[in-house]
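Novice: Just dropping this structure here.
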Amino acid sequence: MDFSSPTRALQSLPRRNPALPDDILHAAQVLLDSSNEETKTSDQAYLDAITSLVQLDEERWEGLAVGLLLATDILIEASAAQHKAKAVYIDGPRVPDATISGSDIAVTSRSYTTTQVSEIATLLYNATLKHLEHNEPRIRTFVAKAVGAHATWSIGFTAAGVADPEMMQLHETERNEIYQTIITSINEHIQQGRDNPEKYSKSSTGALDDTTGWRALETNWQCVACWIASLGSAYFEKLQESDMETLLSNLEYSAVTHVNRHVRAAAIAVMEQLVVAAGNDSKYWPYLENGELRTTTIKILKAGLADNWSQVRMAASVLNRVFWSTLQETCHFPTENLQLLYPVLVPRMCLNRFYLAQGVKLYSHQTWKLVFPENGVEVVAQSIASIVRYYVQMCDADNHVVREAACQAVAELAVKIGMDEQHAAVLQPHVAILLQALLMCFHDESWPVRDEACLACGTFCRAYPEECRSELETLWTRWTEQLTDQIWSVRADAAVALGQACQAYGQEFFDRLMKFIKETLPSAKNQPSMSMEEYKALQNNMDAHTDSQLYSCGSLAPKLKKKAGAGRIGCSNCGITRPKQPWEATDGCLYLIRELMDTCSEPDSVIPPLSDELLLPLLQEVADVCRVSHFPQGDELRATLWRQLPGMMNAVGKVRCKRLYLEVFLDLLIRNLESSSASAISKHAAATCAYELGVLIGPNILRGRLFDERQQEVLDRALQEREIEERNMAPMLQHQQNQKQFSPFEPPGLLDTPYSQKMQPGLPPELLIQQHPPQNYGGGNNRPDGLGDTMSM
């Protein structure tokens, strides 16, 4: 069934298989004909067709669903005509524009009498009582919408001062009876649980698990949310104190303790409507300031903002923004009262800005900017103890996505607090425990967690070198292991971390790095020989890929819980990864050389720029090693070289590049471009490298350094293809800039920022440049994957 619009829902009925009964199809045809001016029926005939669908007592649910949809639409239109009412969005925890809009069927062209609309309201009232616990979840969802429509219309109907007092009393009674029925059903569901054979065994068919709808409890909470939204602050007028206590108790259980994520999200939506309703009238503010409503809201936010399901985190994030905005903008609570919320909410708000789910991440960023538009760093400094405790706990969470976000959040503390002279002392007492948490994550089975822990350790060493010195040997071992890891982005980020440590510990650490590079760089020459045919046969070997590790849909990481004891959870100990290859060590050295050239070229570098006496022999050896061709992954190694070479040449400068270094790589570059056996990836990387080198030294100079016309033709063709690609991408990049859109995995403006100016991952370049103009405090300019998140304290 397609319920995206009433018309499509009606058109879906004749296509159902097996076919629906004739009375349903006849009513559907009458309603479809009504949208056509030539076959349009009378208003009464249209209403009668809807009534026949709602009152059907068939086993098939499709006709009932369409009838509820159309009847609800009529009340929504009537409500909008009365007082511009707004609907409640119950299909998810998002917050779209809630202004009511009419259906695409010609409902708005009909003018119903008050009596006719009243009959539709009574029809929905009867359907609600009958189908509140229907076994089809889509019916229950439509019932929830009908509850909201009935309450909204009846409230507006009463406010309009209709002349018929009996009709007003009738619908008020209906409205109250609907609410009491829903509350009774909620109480029974919670008290008797999901497995009561006498009442609930017939409520759902098939197997029930913890991730699908939990009978009628979810939709009952949706009904309550719609009902409260319709009444607003008037909801509290007839509510007894005992009723409020029971409601809040059930909400807390459903939002915090209940096993099903859909129920938790729906209960959070109800709490959101309660906060809005209380904030709309000053006489109910005590509910928010120091009453049970505030206490329950904080308990729900504490659990929901840290929930294992993104759906629940999103619902809690919406409630969190509503809660803060209501207290700040509607109730105008003093700052000292709001500060009482910091220890519980601020750590969770900070961490969710790094959560993997994009909806939660971006929404949390915007919430932070709205709640703390100017004093974000001060708020974090003020709450540093509670933030550190929470981050350390999350570094040991079962969910690998949470551990990954926690490592990013810890790195942010080093950047925004540790590198700020005004606040650095606040974080200093907590460096040791944060570093231990990161070292624990360094042994994680999930490589994205290890990746982020690696970067964060480098950032902490840059911010607090003396405090981290005691763990330097452990860090060196882990960093160098990561530099030769099987995953390229892990190798790249290990290079970034080592570059940060080099700036923290000076010449001695630099000399150690150069010794490591000289020993490790030639490793690709020791790679066992393998033909492309043998490589393909290995990739297509079914036995080699049977019973392998499964991966989570939300991250390219093993879907594993964290084991106890950091010493037993190393990637090399889990038995699910392939052995490291010698060429991967060479690949890691390429990232490290680029990083050292970059960081040592910064104006405030503690290491002077690499001299030609040191750098030229090193890059000559790089070119020599990257000529290897006795194994298929040699193309991957060369692709890495071409991606890093423009950054290296930008670091040495235009003059030195033309004078000494261009000739070292130019022949290999052209050979890669013209090779018929090279991979498409290495060819594309080589073409991009040639284009960027042309930008640096001038395309004509680059062309003039080639040996013959054949090589010049190869270069011209590659540059032309690259320019066409640039032109094709330009409109998209311009649109992103105009719309101020950005990927949640990289800072705003990353795509149009010069390579040498890209900064810390996750930190808006304009903010970081203002605070630390020439520095790189986390390797964002060196992270080829662009991973990171906007740090918007």
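In the structure tokens, chains take letters A, B, ... by order of appearance, with residues numbered from 1 within each chain and ligands from 1 in the order shown.
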Compile the contact shell of A:Leu288 as a VMD selection string: residues with an atom at most 12 Å away, counting only C-alpha atoms, same-chain residues fewer than 3 positions apart removed.

Specialist: chain A and resid 271 to 272 274 to 285 291 to 298 322 to 324 326 to 328 330 to 333 337 to 338

Novice: Can you tell me which residues surround A:Val344 at a distance of at most 10 Å, considering only C-alpha atoms, apart from same-chain residues fewer than 4 positions away, and format the answer as a PyMOL selection string?

Specialist: chain A and resi 298-299+301-302+340+348-349+383+386-387+390

Novice: Suppose we keep N, CA and C atoms; can you now write the selection as a tab-separated table (two decimals), in the first residue's frame?

Specialist:
```
chain	number	residue	atom	x	y	z
A	298	ILE	N	14.60	15.24	32.66
A	298	ILE	CA	16.06	15.08	32.76
A	298	ILE	C	16.42	13.60	32.78
A	299	LYS	N	15.65	12.79	33.51
A	299	LYS	CA	15.93	11.35	33.54
A	299	LYS	C	15.79	10.74	32.14
A	301	LEU	N	16.04	12.35	29.24
A	301	LEU	CA	17.12	12.86	28.38
A	301	LEU	C	18.44	12.17	28.71
A	302	LYS	N	18.68	11.93	29.96
A	302	LYS	CA	19.93	11.26	30.35
A	302	LYS	C	20.05	9.90	29.70
A	340	LEU	N	22.29	24.20	36.46
A	340	LEU	CA	22.07	22.95	37.17
A	340	LEU	C	21.92	21.77	36.21
A	348	ARG	N	26.41	14.75	27.18
A	348	ARG	CA	25.71	13.99	26.14
A	348	ARG	C	25.50	14.83	24.89
A	349	MET	N	25.22	16.12	25.09
A	349	MET	CA	25.07	17.00	23.93
A	349	MET	C	26.38	17.12	23.16
A	383	SER	N	31.97	22.52	32.92
A	383	SER	CA	31.44	21.17	33.16
A	383	SER	C	32.49	20.10	32.89
A	386	SER	N	32.40	16.48	34.72
A	386	SER	CA	31.33	15.57	34.30
A	386	SER	C	31.53	15.11	32.86
A	387	ILE	N	32.06	15.99	32.01
A	387	ILE	CA	32.32	15.62	30.62
A	387	ILE	C	33.39	14.54	30.54
A	390	TYR	N	32.02	11.17	31.64
A	390	TYR	CA	31.13	10.58	30.64
A	390	TYR	C	31.92	10.08	29.44
```

Novice: Contacts of A:Asn187 at 9 Å or less, counting only C-alpha atoms, minus same-chain residues fewer than 4 places along, as a list in words?

Specialist: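 Neighbouring residues, sequence-local ones excluded: Ile182, Ile183, Gln191, Gln192, Thr246 and Asn250 of chain A.
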
Novice: With only C-alpha atoms as the basis for distance, which of A:Ala537, A:Ala425, A:Ala414, A:Ile517 is at the shortest distance from A:Cys461?

Specialist: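 Closest candidate: A:Ala414.
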
Novice: Counting only C-alpha atoms, what is within 10 Å of stretch 652-664 of chain A, bar same-chain residues fewer than 3 positions away, as a PyMOL selection string?

Specialist: chain A and resi 597-598+601+609-612+615-617+619-624+647-649+667-669+693+696-698+701-702+705-706

Novice: Please dump the current selection as a CSV table (one decimal), in the first residue's frame; keep C-alpha atoms.

Specialist:
```
chain,number,residue,atom,x,y,z
A,597,MET,CA,57.2,17.7,5.3
A,598,ASP,CA,53.9,19.5,6.0
A,601,SER,CA,57.1,23.7,7.0
A,609,PRO,CA,62.0,22.5,7.2
A,610,LEU,CA,63.6,19.4,5.8
A,611,SER,CA,66.8,20.3,4.0
A,612,ASP,CA,67.6,19.1,0.4
A,615,LEU,CA,64.9,15.2,1.6
A,616,LEU,CA,66.3,14.6,-1.9
A,617,PRO,CA,67.8,11.1,-1.2
A,619,LEU,CA,62.4,11.1,-2.1
A,620,GLN,CA,64.6,9.4,-4.7
A,621,GLU,CA,64.3,6.2,-2.7
A,622,VAL,CA,60.5,6.7,-2.6
A,623,ALA,CA,60.4,6.9,-6.4
A,624,ASP,CA,62.6,3.9,-6.7
A,647,GLY,CA,51.2,18.0,-0.7
A,648,MET,CA,54.9,17.2,-0.6
A,649,MET,CA,55.7,19.6,-3.5
A,667,ASP,CA,59.1,9.8,-15.6
A,668,LEU,CA,57.3,7.4,-13.3
A,669,LEU,CA,54.2,9.7,-13.4
A,693,LEU,CA,51.6,19.9,-10.1
A,696,LEU,CA,51.8,24.7,-8.7
A,697,ILE,CA,54.6,25.2,-11.2
A,698,GLY,CA,52.6,26.0,-14.4
A,701,ILE,CA,56.7,24.3,-17.5
A,702,LEU,CA,55.5,20.8,-16.6
A,705,ARG,CA,60.1,19.0,-18.8
A,706,LEU,CA,59.0,15.9,-20.7
```

Novice: Can you list, as a PyMOL selection string, every protein, DNA or RNA residue that comes within 8 Å of A:Ile178 when you count only C-alpha atoms, leaving out same-chain residues fewer than 2 positions away?

Specialist: chain A and resi 125+128-129+147+174-176+180-182

Novice: Given the choices A:Thr122, A:Ser629, A:Thr474, A:Gln712, which gets closest to A:Ala678 if the distance is worked out from only C-alpha atoms?

Specialist: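 Of all the options, A:Ser629 lies closest to A:Ala678.
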
Novice: Between A:Phe372, A:Tyr355, A:Phe510, A:Tyr235, which residue has the minimum interatomic distance to A:Asn399, considering only C-alpha atoms?

Specialist: A:Tyr355

Novice: Which polymer residues have any atom within 8 Å of an atom of A:Asn672, counting only C-alpha atoms, with same-chain residues fewer than 6 positions away left out, as a list in words?

Specialist: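 That gives Ala678, Ser682, Lys683 and Ala686 of chain A.
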
Novice: Could you write those residues out with C-alpha atoms, as a CSV table (one decimal), in the first residue's frame?

Specialist:
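Everything below was put into result.csv:
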```csv
chain,number,residue,atom,x,y,z
A,678,ALA,CA,47.8,0.1,-14.7
A,682,SER,CA,46.2,4.7,-10.1
A,683,LYS,CA,45.6,6.4,-13.5
A,686,ALA,CA,48.2,10.2,-11.5
```

Novice: I'd like the neighbourhood of A:Arg16 as an NGL selection string, where a residue qualifies if any of its atoms comes within 9 Å (using only C-alpha atoms), though same-chain residues fewer than 3 positions away should be ignored.

Specialist: :A and (1 or 12-13 or 19-20 or 62)

Novice: Export C-alpha atoms of the chosen residues as a tab-separated table (two decimals), in the first residue's frame?

Specialist:
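Printed below is result-v3.tsv as written:
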```tsv
chain	number	residue	atom	x	y	z
A	1	MET	CA	0.00	0.00	0.00
A	12	SER	CA	-3.52	0.94	-4.44
A	13	LEU	CA	-6.71	-0.82	-3.38
A	19	ALA	CA	-8.19	-9.02	-4.47
A	20	LEU	CA	-10.18	-7.06	-1.91
A	62	GLU	CA	-6.56	-1.98	3.68
```
